[in-house]
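> input-v8.pdb is the file, holding PDB, C-alpha atoms:
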```
MODEL        1
ATOM      1  CA  MET C 142     -15.012   9.442  -8.632  1.00  0.00           C
ATOM      2  CA  GLN C 143     -12.187   9.673 -11.135  1.00  0.00           C
ATOM      3  CA  GLN C 144     -12.518   7.977 -14.481  1.00  0.00           C
ATOM      4  CA  GLN C 145      -9.730   5.765 -15.716  1.00  0.00           C
ATOM      5  CA  ASP C 146      -8.763   8.084 -18.589  1.00  0.00           C
ATOM      6  CA  THR C 147      -7.935  10.854 -16.116  1.00  0.00           C
ATOM      7  CA  TRP C 148      -5.560   8.798 -13.960  1.00  0.00           C
ATOM      8  CA  HIS C 149      -2.054  10.244 -13.983  1.00  0.00           C
ATOM      9  CA  ILE C 150       0.875   7.840 -13.633  1.00  0.00           C
ATOM     10  CA  LEU C 151       4.435   9.001 -12.939  1.00  0.00           C
ATOM     11  CA  ILE C 152       7.192   6.598 -14.020  1.00  0.00           C
ATOM     12  CA  VAL C 153      10.505   7.084 -12.189  1.00  0.00           C
ATOM     13  CA  GLU C 154      12.980   5.145 -14.331  1.00  0.00           C
ATOM     14  CA  ASP C 155      16.462   6.024 -15.646  1.00  0.00           C
ATOM     15  CA  ASP C 156      16.327   3.559 -18.551  1.00  0.00           C
ATOM     16  CA  GLN C 157      14.826   5.979 -21.062  1.00  0.00           C
ATOM     17  CA  ARG C 158      13.890   3.376 -23.672  1.00  0.00           C
ATOM     18  CA  LEU C 159      12.147   1.173 -21.098  1.00  0.00           C
ATOM     19  CA  ALA C 160      10.376   4.196 -19.603  1.00  0.00           C
ATOM     20  CA  GLU C 161       9.160   5.355 -23.014  1.00  0.00           C
ATOM     21  CA  LEU C 162       7.978   1.878 -24.040  1.00  0.00           C
ATOM     22  CA  THR C 163       6.128   1.562 -20.731  1.00  0.00           C
ATOM     23  CA  ARG C 164       4.602   5.017 -21.148  1.00  0.00           C
ATOM     24  CA  ASP C 165       3.431   4.237 -24.671  1.00  0.00           C
ATOM     25  CA  TYR C 166       1.817   0.978 -23.565  1.00  0.00           C
ATOM     26  CA  LEU C 167       0.025   2.541 -20.599  1.00  0.00           C
ATOM     27  CA  GLU C 168      -1.122   5.536 -22.624  1.00  0.00           C
ATOM     28  CA  GLY C 169      -2.427   3.111 -25.247  1.00  0.00           C
ATOM     29  CA  ASN C 170      -4.608   1.705 -22.476  1.00  0.00           C
ATOM     30  CA  GLY C 171      -6.145   5.017 -21.461  1.00  0.00           C
ATOM     31  CA  LEU C 172      -3.743   6.327 -18.809  1.00  0.00           C
ATOM     32  CA  ALA C 173      -1.916   9.682 -18.709  1.00  0.00           C
ATOM     33  CA  VAL C 174       1.797   9.099 -18.088  1.00  0.00           C
ATOM     34  CA  SER C 175       4.816  11.263 -17.235  1.00  0.00           C
ATOM     35  CA  ILE C 176       8.456  10.188 -16.872  1.00  0.00           C
ATOM     36  CA  GLU C 177      11.183  11.231 -14.429  1.00  0.00           C
ATOM     37  CA  GLY C 178      14.659   9.782 -15.018  1.00  0.00           C
ATOM     38  CA  ASP C 179      16.582  11.482 -12.202  1.00  0.00           C
ATOM     39  CA  GLY C 180      16.272   9.936  -8.763  1.00  0.00           C
ATOM     40  CA  ALA C 181      17.504  13.151  -7.133  1.00  0.00           C
ATOM     41  CA  LYS C 182      14.519  15.065  -8.545  1.00  0.00           C
ATOM     42  CA  ALA C 183      11.893  12.346  -8.149  1.00  0.00           C
ATOM     43  CA  ALA C 184      10.826  12.903  -4.535  1.00  0.00           C
ATOM     44  CA  ALA C 185      10.137  16.617  -5.005  1.00  0.00           C
ATOM     45  CA  ARG C 186       8.217  15.934  -8.191  1.00  0.00           C
ATOM     46  CA  ILE C 187       6.043  13.236  -6.605  1.00  0.00           C
ATOM     47  CA  ILE C 188       5.157  15.518  -3.697  1.00  0.00           C
ATOM     48  CA  LYS C 189       4.477  18.501  -5.974  1.00  0.00           C
ATOM     49  CA  GLU C 190       2.443  16.723  -8.679  1.00  0.00           C
ATOM     50  CA  GLN C 191       0.642  14.158  -6.477  1.00  0.00           C
ATOM     51  CA  PRO C 192       0.123  11.620  -9.302  1.00  0.00           C
ATOM     52  CA  ASP C 193      -2.556   8.965  -8.879  1.00  0.00           C
ATOM     53  CA  LEU C 194       0.129   6.253  -8.904  1.00  0.00           C
ATOM     54  CA  VAL C 195       3.932   6.112  -9.029  1.00  0.00           C
ATOM     55  CA  ILE C 196       5.915   3.390 -10.801  1.00  0.00           C
ATOM     56  CA  LEU C 197       9.287   3.573  -9.059  1.00  0.00           C
ATOM     57  CA  ASP C 198      12.470   1.779 -10.116  1.00  0.00           C
ATOM     58  CA  LEU C 199      14.552   0.425  -7.248  1.00  0.00           C
ATOM     59  CA  MET C 200      17.937   1.242  -8.795  1.00  0.00           C
ATOM     60  CA  LEU C 201      18.275   4.887  -9.848  1.00  0.00           C
ATOM     61  CA  PRO C 202      21.047   7.472 -10.218  1.00  0.00           C
ATOM     62  CA  GLY C 203      20.986  10.243  -7.638  1.00  0.00           C
ATOM     63  CA  GLU C 204      18.786   8.487  -5.087  1.00  0.00           C
ATOM     64  CA  ASP C 205      17.544   4.918  -5.095  1.00  0.00           C
ATOM     65  CA  GLY C 206      13.894   3.907  -5.020  1.00  0.00           C
ATOM     66  CA  LEU C 207      13.921   2.954  -1.336  1.00  0.00           C
ATOM     67  CA  THR C 208      15.192   6.407  -0.320  1.00  0.00           C
ATOM     68  CA  ILE C 209      12.643   8.137  -2.542  1.00  0.00           C
ATOM     69  CA  CYS C 210       9.834   5.987  -1.157  1.00  0.00           C
ATOM     70  CA  ARG C 211      10.793   6.814   2.440  1.00  0.00           C
ATOM     71  CA  LYS C 212      11.045  10.539   1.672  1.00  0.00           C
ATOM     72  CA  VAL C 213       7.633  10.894   0.048  1.00  0.00           C
ATOM     73  CA  ARG C 214       5.540   8.470   2.048  1.00  0.00           C
ATOM     74  CA  ASP C 215       4.309  10.909   4.684  1.00  0.00           C
ATOM     75  CA  GLN C 216       3.419  13.545   2.028  1.00  0.00           C
ATOM     76  CA  TYR C 217       2.049  11.302  -0.713  1.00  0.00           C
ATOM     77  CA  ASP C 218      -0.774   8.837  -0.058  1.00  0.00           C
ATOM     78  CA  GLY C 219      -1.162   7.361  -3.533  1.00  0.00           C
ATOM     79  CA  PRO C 220      -0.001   3.852  -4.482  1.00  0.00           C
ATOM     80  CA  ILE C 221       3.680   3.212  -5.169  1.00  0.00           C
ATOM     81  CA  LEU C 222       4.518   0.277  -7.435  1.00  0.00           C
ATOM     82  CA  MET C 223       8.181  -0.695  -7.107  1.00  0.00           C
ATOM     83  CA  LEU C 224      10.168  -2.134 -10.024  1.00  0.00           C
ATOM     84  CA  THR C 225      13.043  -4.421  -9.058  1.00  0.00           C
ATOM     85  CA  ALA C 226      15.509  -6.370 -11.162  1.00  0.00           C
ATOM     86  CA  ARG C 227      16.412  -8.511  -8.166  1.00  0.00           C
ATOM     87  CA  THR C 228      14.333 -11.334  -6.748  1.00  0.00           C
ATOM     88  CA  ASP C 229      15.857 -11.190  -3.253  1.00  0.00           C
ATOM     89  CA  ASP C 230      13.142 -11.295  -0.593  1.00  0.00           C
ATOM     90  CA  MET C 231      15.009  -8.627   1.378  1.00  0.00           C
ATOM     91  CA  ASP C 232      14.543  -6.084  -1.406  1.00  0.00           C
ATOM     92  CA  GLN C 233      10.808  -6.782  -1.401  1.00  0.00           C
ATOM     93  CA  VAL C 234      10.572  -6.520   2.379  1.00  0.00           C
ATOM     94  CA  LEU C 235      12.584  -3.279   2.459  1.00  0.00           C
ATOM     95  CA  GLY C 236      10.402  -1.801  -0.265  1.00  0.00           C
ATOM     96  CA  LEU C 237       7.236  -2.668   1.621  1.00  0.00           C
ATOM     97  CA  GLU C 238       8.681  -1.325   4.868  1.00  0.00           C
ATOM     98  CA  MET C 239       9.522   1.968   3.158  1.00  0.00           C
ATOM     99  CA  GLY C 240       5.878   2.231   2.072  1.00  0.00           C
ATOM    100  CA  ALA C 241       5.661   0.612  -1.370  1.00  0.00           C
ATOM    101  CA  ASP C 242       2.248  -0.899  -2.144  1.00  0.00           C
ATOM    102  CA  ASP C 243       3.335  -3.547  -4.643  1.00  0.00           C
ATOM    103  CA  TYR C 244       6.322  -4.657  -6.686  1.00  0.00           C
ATOM    104  CA  VAL C 245       6.965  -6.090 -10.136  1.00  0.00           C
ATOM    105  CA  TYR C 246      10.094  -7.866 -11.316  1.00  0.00           C
ATOM    106  CA  LYS C 247      12.139  -6.765 -14.299  1.00  0.00           C
ATOM    107  CA  PRO C 248      12.097  -7.497 -17.162  1.00  0.00           C
ATOM    108  CA  VAL C 249       8.591  -6.066 -16.998  1.00  0.00           C
ATOM    109  CA  ARG C 250       5.840  -7.812 -18.921  1.00  0.00           C
ATOM    110  CA  PRO C 251       3.551  -4.971 -20.058  1.00  0.00           C
ATOM    111  CA  ARG C 252       0.280  -6.839 -19.476  1.00  0.00           C
ATOM    112  CA  VAL C 253       1.350  -7.824 -15.963  1.00  0.00           C
ATOM    113  CA  LEU C 254       2.362  -4.253 -15.172  1.00  0.00           C
ATOM    114  CA  LEU C 255      -0.939  -2.896 -16.497  1.00  0.00           C
ATOM    115  CA  ALA C 256      -2.876  -5.451 -14.415  1.00  0.00           C
ATOM    116  CA  ARG C 257      -0.998  -4.420 -11.247  1.00  0.00           C
ATOM    117  CA  VAL C 258      -1.511  -0.719 -11.978  1.00  0.00           C
ATOM    118  CA  ARG C 259      -5.232  -1.202 -12.546  1.00  0.00           C
ATOM    119  CA  ALA C 260      -5.531  -3.315  -9.396  1.00  0.00           C
ATOM    120  CA  LEU C 261      -3.918  -0.579  -7.282  1.00  0.00           C
ATOM    121  CA  LEU C 262      -6.124   2.088  -8.824  1.00  0.00           C
ATOM    122  CA  ARG C 263      -9.238  -0.058  -8.284  1.00  0.00           C
ATOM    123  CA  ARG C 264      -8.258  -0.489  -4.661  1.00  0.00           C
ATOM    124  CA  ARG C 265      -7.946   3.257  -4.264  1.00  0.00           C
ATOM    125  CA  GLU C 266     -11.298   3.747  -5.979  1.00  0.00           C
ATOM    126  CA  GLY C 267     -12.889   0.991  -3.896  1.00  0.00           C
ATOM    127  CA  VAL C 268     -11.713   2.504  -0.631  1.00  0.00           C
ATOM    128  CA  ALA C 269     -13.303   5.812  -1.636  1.00  0.00           C
ATOM    129  CA  ALA C 270     -16.577   4.049  -2.463  1.00  0.00           C
ATOM    130  CA  ALA C 271     -16.534   2.189   0.842  1.00  0.00           C
ATOM    131  CA  VAL C 272     -16.339   5.514   2.666  1.00  0.00           C
ATOM    132  CA  ASP C 273     -19.604   6.540   1.022  1.00  0.00           C
ATOM    133  CA  GLU C 274     -21.397   3.254   1.760  1.00  0.00           C
ATOM    134  CA  GLY C 275     -20.476   2.000   5.206  1.00  0.00           C
ATOM    135  CA  PRO C 276     -19.456   3.252   8.659  1.00  0.00           C
ATOM    136  CA  ARG C 277     -16.721   5.833   8.489  1.00  0.00           C
ATOM    137  CA  ARG C 278     -15.377   5.614  12.014  1.00  0.00           C
ATOM    138  CA  LEU C 279     -14.661   2.539  14.126  1.00  0.00           C
ATOM    139  CA  GLU C 280     -13.762   2.759  17.809  1.00  0.00           C
ATOM    140  CA  PHE C 281     -12.261   0.017  19.955  1.00  0.00           C
ATOM    141  CA  GLY C 282     -11.404   1.509  23.313  1.00  0.00           C
ATOM    142  CA  PRO C 283      -8.532   3.940  22.722  1.00  0.00           C
ATOM    143  CA  LEU C 284      -8.057   2.765  19.115  1.00  0.00           C
ATOM    144  CA  VAL C 285      -9.966   4.827  16.537  1.00  0.00           C
ATOM    145  CA  VAL C 286      -9.885   4.203  12.783  1.00  0.00           C
ATOM    146  CA  ASP C 287     -11.547   6.772  10.519  1.00  0.00           C
ATOM    147  CA  SER C 288     -12.001   5.845   6.853  1.00  0.00           C
ATOM    148  CA  ALA C 289     -13.257   9.281   5.801  1.00  0.00           C
ATOM    149  CA  MET C 290     -10.128  11.005   7.098  1.00  0.00           C
ATOM    150  CA  ARG C 291      -7.942   7.941   6.401  1.00  0.00           C
ATOM    151  CA  GLU C 292      -6.378   8.339   9.814  1.00  0.00           C
ATOM    152  CA  ALA C 293      -6.110   6.308  12.997  1.00  0.00           C
ATOM    153  CA  TRP C 294      -5.414   7.249  16.608  1.00  0.00           C
ATOM    154  CA  LEU C 295      -4.330   5.448  19.736  1.00  0.00           C
ATOM    155  CA  GLY C 296      -5.693   7.585  22.533  1.00  0.00           C
ATOM    156  CA  GLU C 297      -4.810  11.160  21.615  1.00  0.00           C
ATOM    157  CA  GLN C 298      -1.823  10.095  19.519  1.00  0.00           C
ATOM    158  CA  SER C 299      -2.111   9.949  15.729  1.00  0.00           C
ATOM    159  CA  ILE C 300      -0.789   6.701  14.260  1.00  0.00           C
ATOM    160  CA  GLU C 301       1.585   7.064  11.319  1.00  0.00           C
ATOM    161  CA  LEU C 302       0.452   4.609   8.648  1.00  0.00           C
ATOM    162  CA  THR C 303       1.233   4.247   4.969  1.00  0.00           C
ATOM    163  CA  SER C 304      -1.717   4.152   2.578  1.00  0.00           C
ATOM    164  CA  ALA C 305      -1.438   0.371   2.243  1.00  0.00           C
ATOM    165  CA  GLU C 306      -1.148  -0.095   6.014  1.00  0.00           C
ATOM    166  CA  PHE C 307      -4.250   2.004   6.608  1.00  0.00           C
ATOM    167  CA  ASP C 308      -6.240   0.008   4.050  1.00  0.00           C
ATOM    168  CA  LEU C 309      -5.220  -3.247   5.722  1.00  0.00           C
ATOM    169  CA  LEU C 310      -6.011  -1.949   9.226  1.00  0.00           C
ATOM    170  CA  TRP C 311      -9.417  -0.710   8.059  1.00  0.00           C
ATOM    171  CA  LEU C 312     -10.181  -4.069   6.431  1.00  0.00           C
ATOM    172  CA  LEU C 313      -9.274  -5.965   9.607  1.00  0.00           C
ATOM    173  CA  THR C 314     -11.128  -3.652  12.000  1.00  0.00           C
ATOM    174  CA  ALA C 315     -14.206  -3.479   9.750  1.00  0.00           C
ATOM    175  CA  ASN C 316     -14.289  -7.286   9.966  1.00  0.00           C
ATOM    176  CA  ALA C 317     -13.510  -7.501  13.688  1.00  0.00           C
ATOM    177  CA  GLY C 318     -14.228 -10.958  15.076  1.00  0.00           C
ATOM    178  CA  ARG C 319     -13.964 -12.674  11.676  1.00  0.00           C
ATOM    179  CA  ILE C 320     -10.914 -14.523  10.414  1.00  0.00           C
ATOM    180  CA  LEU C 321      -9.756 -13.121   7.073  1.00  0.00           C
ATOM    181  CA  SER C 322      -7.672 -15.459   4.953  1.00  0.00           C
ATOM    182  CA  ARG C 323      -4.660 -14.174   3.083  1.00  0.00           C
ATOM    183  CA  GLU C 324      -6.596 -14.884  -0.115  1.00  0.00           C
ATOM    184  CA  GLU C 325      -9.467 -12.627   1.023  1.00  0.00           C
ATOM    185  CA  ILE C 326      -7.119  -9.861   2.138  1.00  0.00           C
ATOM    186  CA  PHE C 327      -5.048 -10.043  -1.023  1.00  0.00           C
ATOM    187  CA  ASN C 328      -8.101  -9.939  -3.263  1.00  0.00           C
ATOM    188  CA  ALA C 329      -9.775  -7.119  -1.318  1.00  0.00           C
ATOM    189  CA  LEU C 330      -6.710  -4.882  -1.227  1.00  0.00           C
ATOM    190  CA  ARG C 331      -5.007  -5.662  -4.506  1.00  0.00           C
ATOM    191  CA  GLY C 332      -7.724  -7.080  -6.726  1.00  0.00           C
ATOM    192  CA  ILE C 333      -5.619 -10.037  -7.830  1.00  0.00           C
ATOM    193  CA  GLU C 334      -5.316 -13.655  -6.770  1.00  0.00           C
ATOM    194  CA  TYR C 335      -2.945 -14.613  -3.951  1.00  0.00           C
ATOM    195  CA  ASP C 336      -0.020 -16.650  -5.327  1.00  0.00           C
ATOM    196  CA  GLY C 337       0.749 -18.387  -2.036  1.00  0.00           C
ATOM    197  CA  GLN C 338       4.201 -16.824  -1.746  1.00  0.00           C
ATOM    198  CA  ASP C 339       3.769 -13.049  -1.539  1.00  0.00           C
ATOM    199  CA  ARG C 340       4.867 -11.717   1.870  1.00  0.00           C
ATOM    200  CA  SER C 341       3.468  -8.191   1.640  1.00  0.00           C
ATOM    201  CA  ILE C 342       0.468  -8.857   3.917  1.00  0.00           C
ATOM    202  CA  ASP C 343       2.659 -10.442   6.610  1.00  0.00           C
ATOM    203  CA  VAL C 344       5.146  -7.555   6.450  1.00  0.00           C
ATOM    204  CA  ARG C 345       2.383  -4.982   6.840  1.00  0.00           C
ATOM    205  CA  ILE C 346       0.779  -6.854   9.733  1.00  0.00           C
ATOM    206  CA  SER C 347       4.147  -6.907  11.525  1.00  0.00           C
ATOM    207  CA  ARG C 348       4.462  -3.132  11.010  1.00  0.00           C
ATOM    208  CA  ILE C 349       0.902  -2.314  12.065  1.00  0.00           C
ATOM    209  CA  ARG C 350       0.949  -4.290  15.330  1.00  0.00           C
ATOM    210  CA  PRO C 351       3.338  -2.095  17.348  1.00  0.00           C
ATOM    211  CA  LYS C 352       1.779   1.065  15.920  1.00  0.00           C
ATOM    212  CA  ILE C 353      -1.629   0.175  17.407  1.00  0.00           C
ATOM    213  CA  GLY C 354      -0.222  -0.925  20.755  1.00  0.00           C
ATOM    214  CA  ASP C 355      -0.103  -4.650  20.023  1.00  0.00           C
ATOM    215  CA  ASP C 356       2.747  -6.857  21.232  1.00  0.00           C
ATOM    216  CA  PRO C 357       4.660  -8.047  18.127  1.00  0.00           C
ATOM    217  CA  MET C 358       5.942 -11.144  19.958  1.00  0.00           C
ATOM    218  CA  HIS C 359       2.634 -12.076  21.609  1.00  0.00           C
ATOM    219  CA  PRO C 360      -0.074 -10.256  19.624  1.00  0.00           C
ATOM    220  CA  ARG C 361      -3.552  -9.999  21.098  1.00  0.00           C
ATOM    221  CA  LEU C 362      -5.192  -7.435  18.788  1.00  0.00           C
ATOM    222  CA  ILE C 363      -4.267  -8.836  15.381  1.00  0.00           C
ATOM    223  CA  LYS C 364      -3.903 -12.553  15.876  1.00  0.00           C
ATOM    224  CA  THR C 365      -2.402 -14.972  13.393  1.00  0.00           C
ATOM    225  CA  VAL C 366      -4.698 -17.980  13.080  1.00  0.00           C
ATOM    226  CA  ARG C 367      -2.523 -20.789  11.799  1.00  0.00           C
ATOM    227  CA  SER C 368      -3.425 -22.073   8.330  1.00  0.00           C
ATOM    228  CA  LYS C 369      -6.407 -19.706   8.235  1.00  0.00           C
ATOM    229  CA  GLY C 370      -5.364 -16.050   8.258  1.00  0.00           C
ATOM    230  CA  TYR C 371      -5.672 -13.015  10.524  1.00  0.00           C
ATOM    231  CA  LEU C 372      -8.228 -11.993  13.133  1.00  0.00           C
ATOM    232  CA  PHE C 373      -8.775  -8.567  14.696  1.00  0.00           C
ATOM    233  CA  VAL C 374      -9.938  -9.047  18.308  1.00  0.00           C
ATOM    234  CA  ALA C 375     -12.102  -6.095  19.334  1.00  0.00           C
ATOM    235  CA  GLU C 376     -12.190  -7.067  23.008  1.00  0.00           C
ATOM    236  CA  ALA C 377      -8.387  -7.019  23.229  1.00  0.00           C
ATOM    237  CA  ALA C 378      -8.308  -3.531  21.690  1.00  0.00           C
ATOM    238  CA  GLU C 379     -10.819  -2.242  24.206  1.00  0.00           C
ATOM    239  CA  ALA C 380      -8.685  -3.694  27.002  1.00  0.00           C
ATOM    240  CA  LEU C 381      -5.884  -1.327  25.993  1.00  0.00           C
ATOM    241  CA  ALA C 382      -7.704   1.391  27.890  1.00  0.00           C
ATOM    242  CA  GLY C 383      -6.740  -0.263  31.146  1.00  0.00           C
ATOM    243  CA  CYS C 384      -3.071  -0.710  30.199  1.00  0.00           C
TER
ENDMDL
END
```
How would this structure read if it were set down as structure tokens?


Amino acid sequence: MQQQDTWHILIVEDDQRLAELTRDYLEGNGLAVSIEGDGAKAAARIIKEQPDLVILDLMLPGEDGLTICRKVRDQYDGPILMLTARTDDMDQVLGLEMGADDYVYKPVRPRVLLARVRALLRRREGVAAAVDEGPRRLEFGPLVVDSAMREAWLGEQSIELTSAEFDLLWLLTANAGRILSREEIFNALRGIEYDGQDRSIDVRISRIRPKIGDDPMHPRLIKTVRSKGYLFVAEAAEALAGC
């Protein structure tokens, strides 16, 4: 397993002073950091270098963060932390839908950014450890989720999932039949406390449902249990075989 001092972070940010200050702070806390200031070059660099985590500004010259995120997501499975100067929910939702794993508002508080970076890296490390400890493949009728390969299938068809979506699907299926609260999910996947307002889990659930053959309007596989959380229903998944 990688040690923290070997983690490589790529900052995609056109504000050179901010990027350099962020780099210096992260390097002072044991991380290796590179900077890319040109949005038009960022996607190719992310795919080529495969950093352990990308800090990606939403507003960039050349190509914006959402476009970059969409371009790299199927060739880069590391965490993407989006930086946004706007607090509009739609920006957050779009970022998550493009495959971002988390977001931080500008102006960035260095300690908050470091905490989010470490949480995402811990999650990645934790998923790898879980592969070594528990079952690696779960099957529910035609739905198969494999944590070793980090892939899922519906019948013979591979399901296209972002890294964050796969982690959430694995967590739900590994706890089939048990209601997971948003607090539990948030803590397990991001290593930080749920603030009661973050919508990232709900957005990812809404994206996962149709991909696994669930009905988004009347879900039977991943059910929302009001005031409690989410429940993966194994029996409903197995019933897909007859559909």

> Need to verify the contact set: Pro220 of chain C, 7 Å, all atoms listed in the file, exclusion of same-chain residues closer than 4 positions in sequence. Can you return it as a ChimeraX atom specification?

/C:194-195,242,261

> What separation in Å, quoted to one decimal, exists between atom CA of Val153 of chain C and atom CA of Ser341 of chain C?

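Distance between the two atoms: 21.8 Å.
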
> Can you pull out the residues contacting Ser288 of chain C? Cut-off 6 Å, using only C-alpha atoms, and skip same-chain residues under 2 positions away; I want them as a PDB file with C-alpha atoms, in the frame of the given file.


```
ATOM      1  CA  ARG C 277     -16.721   5.833   8.489  1.00  0.00           C
ATOM      2  CA  MET C 290     -10.128  11.005   7.098  1.00  0.00           C
ATOM      3  CA  ARG C 291      -7.942   7.941   6.401  1.00  0.00           C
TER       4      ARG C 291
END
```

> Take the point (1.0, -3.4, 17.7) as written in the file and pick out every residue within 10 Å of it, counting all atoms listed in the file; give the list as a PyMOL selection string.

chain C and resi 346-363

> For the selection you just gave me, I'd like the residues written to a file as a compact mmCIF listing (two decimals), keeping the file's coordinate frame, keeping C-alpha atoms.


```txt
# COMPACT_ATOMS: atom_id res chain seq x y z
CA ILE C 346 0.78 -6.85 9.73
CA SER C 347 4.15 -6.91 11.52
CA ARG C 348 4.46 -3.13 11.01
CA ILE C 349 0.90 -2.31 12.06
CA ARG C 350 0.95 -4.29 15.33
CA PRO C 351 3.34 -2.10 17.35
CA LYS C 352 1.78 1.06 15.92
CA ILE C 353 -1.63 0.18 17.41
CA GLY C 354 -0.22 -0.92 20.76
CA ASP C 355 -0.10 -4.65 20.02
CA ASP C 356 2.75 -6.86 21.23
CA PRO C 357 4.66 -8.05 18.13
CA MET C 358 5.94 -11.14 19.96
CA HIS C 359 2.63 -12.08 21.61
CA PRO C 360 -0.07 -10.26 19.62
CA ARG C 361 -3.55 -10.00 21.10
CA LEU C 362 -5.19 -7.44 18.79
CA ILE C 363 -4.27 -8.84 15.38
```

> So how far away is atom CA of Leu224 of chain C from atom CA of Tyr244 of chain C, in Å?

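Taking atom CA of Tyr244 of chain C and atom CA of Leu224 of chain C, their separation equals 5.7 Å.
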
> Spell out the residues picked by the PyMOL selection byres ((chain C and resi 223) around 8) here, as a PyMOL selection string.

chain C and resi 196-199+206+221-222+224-225+236+241-245

> Decode the PyMOL selection byres ((chain C and resi 249) around 10) for the given file into explicit residues and return them as JSON, numbers by chain.

{"C": [159, 163, 224, 225, 226, 245, 246, 247, 248, 250, 251, 252, 253, 254]}

> Keeping C-alpha atoms (and nothing else), can you write segment 192-224 of chain C of this structure as an mmCIF file, in the first residue's frame?


```
data_model
loop_
_atom_site.group_PDB
_atom_site.id
_atom_site.type_symbol
_atom_site.label_atom_id
_atom_site.label_comp_id
_atom_site.auth_asym_id
_atom_site.auth_seq_id
_atom_site.Cartn_x
_atom_site.Cartn_y
_atom_site.Cartn_z
ATOM 1 C CA PRO C 192 -1.753 11.197 -10.287
ATOM 2 C CA ASP C 193 -3.141 9.796 -7.044
ATOM 3 C CA LEU C 194 -5.539 12.754 -6.793
ATOM 4 C CA VAL C 195 -6.460 15.771 -8.927
ATOM 5 C CA ILE C 196 -7.438 19.168 -7.519
ATOM 6 C CA LEU C 197 -9.385 20.712 -10.394
ATOM 7 C CA ASP C 198 -10.563 24.320 -10.638
ATOM 8 C CA LEU C 199 -14.010 24.762 -12.159
ATOM 9 C CA MET C 200 -13.183 27.933 -14.102
ATOM 10 C CA LEU C 201 -10.132 27.571 -16.354
ATOM 11 C CA PRO C 202 -8.850 29.036 -19.627
ATOM 12 C CA GLY C 203 -8.885 26.640 -22.558
ATOM 13 C CA GLU C 204 -11.332 24.124 -21.104
ATOM 14 C CA ASP C 205 -13.353 24.362 -17.919
ATOM 15 C CA GLY C 206 -13.184 21.871 -15.071
ATOM 16 C CA LEU C 207 -16.461 20.158 -15.974
ATOM 17 C CA THR C 208 -15.247 19.422 -19.517
ATOM 18 C CA ILE C 209 -11.907 18.140 -18.242
ATOM 19 C CA CYS C 210 -13.626 15.938 -15.667
ATOM 20 C CA ARG C 211 -15.904 14.397 -18.308
ATOM 21 C CA LYS C 212 -12.986 13.785 -20.681
ATOM 22 C CA VAL C 213 -10.763 11.968 -18.198
ATOM 23 C CA ARG C 214 -13.275 10.061 -16.123
ATOM 24 C CA ASP C 215 -13.284 6.851 -18.149
ATOM 25 C CA GLN C 216 -9.441 6.776 -18.306
ATOM 26 C CA TYR C 217 -8.600 7.997 -14.810
ATOM 27 C CA ASP C 218 -9.997 6.294 -11.707
ATOM 28 C CA GLY C 219 -8.367 8.418 -9.017
ATOM 29 C CA PRO C 220 -10.252 10.991 -6.921
ATOM 30 C CA ILE C 221 -11.064 14.393 -8.407
ATOM 31 C CA LEU C 222 -11.550 17.261 -5.961
ATOM 32 C CA MET C 223 -13.303 20.194 -7.631
ATOM 33 C CA LEU C 224 -12.624 23.807 -6.624
#
```
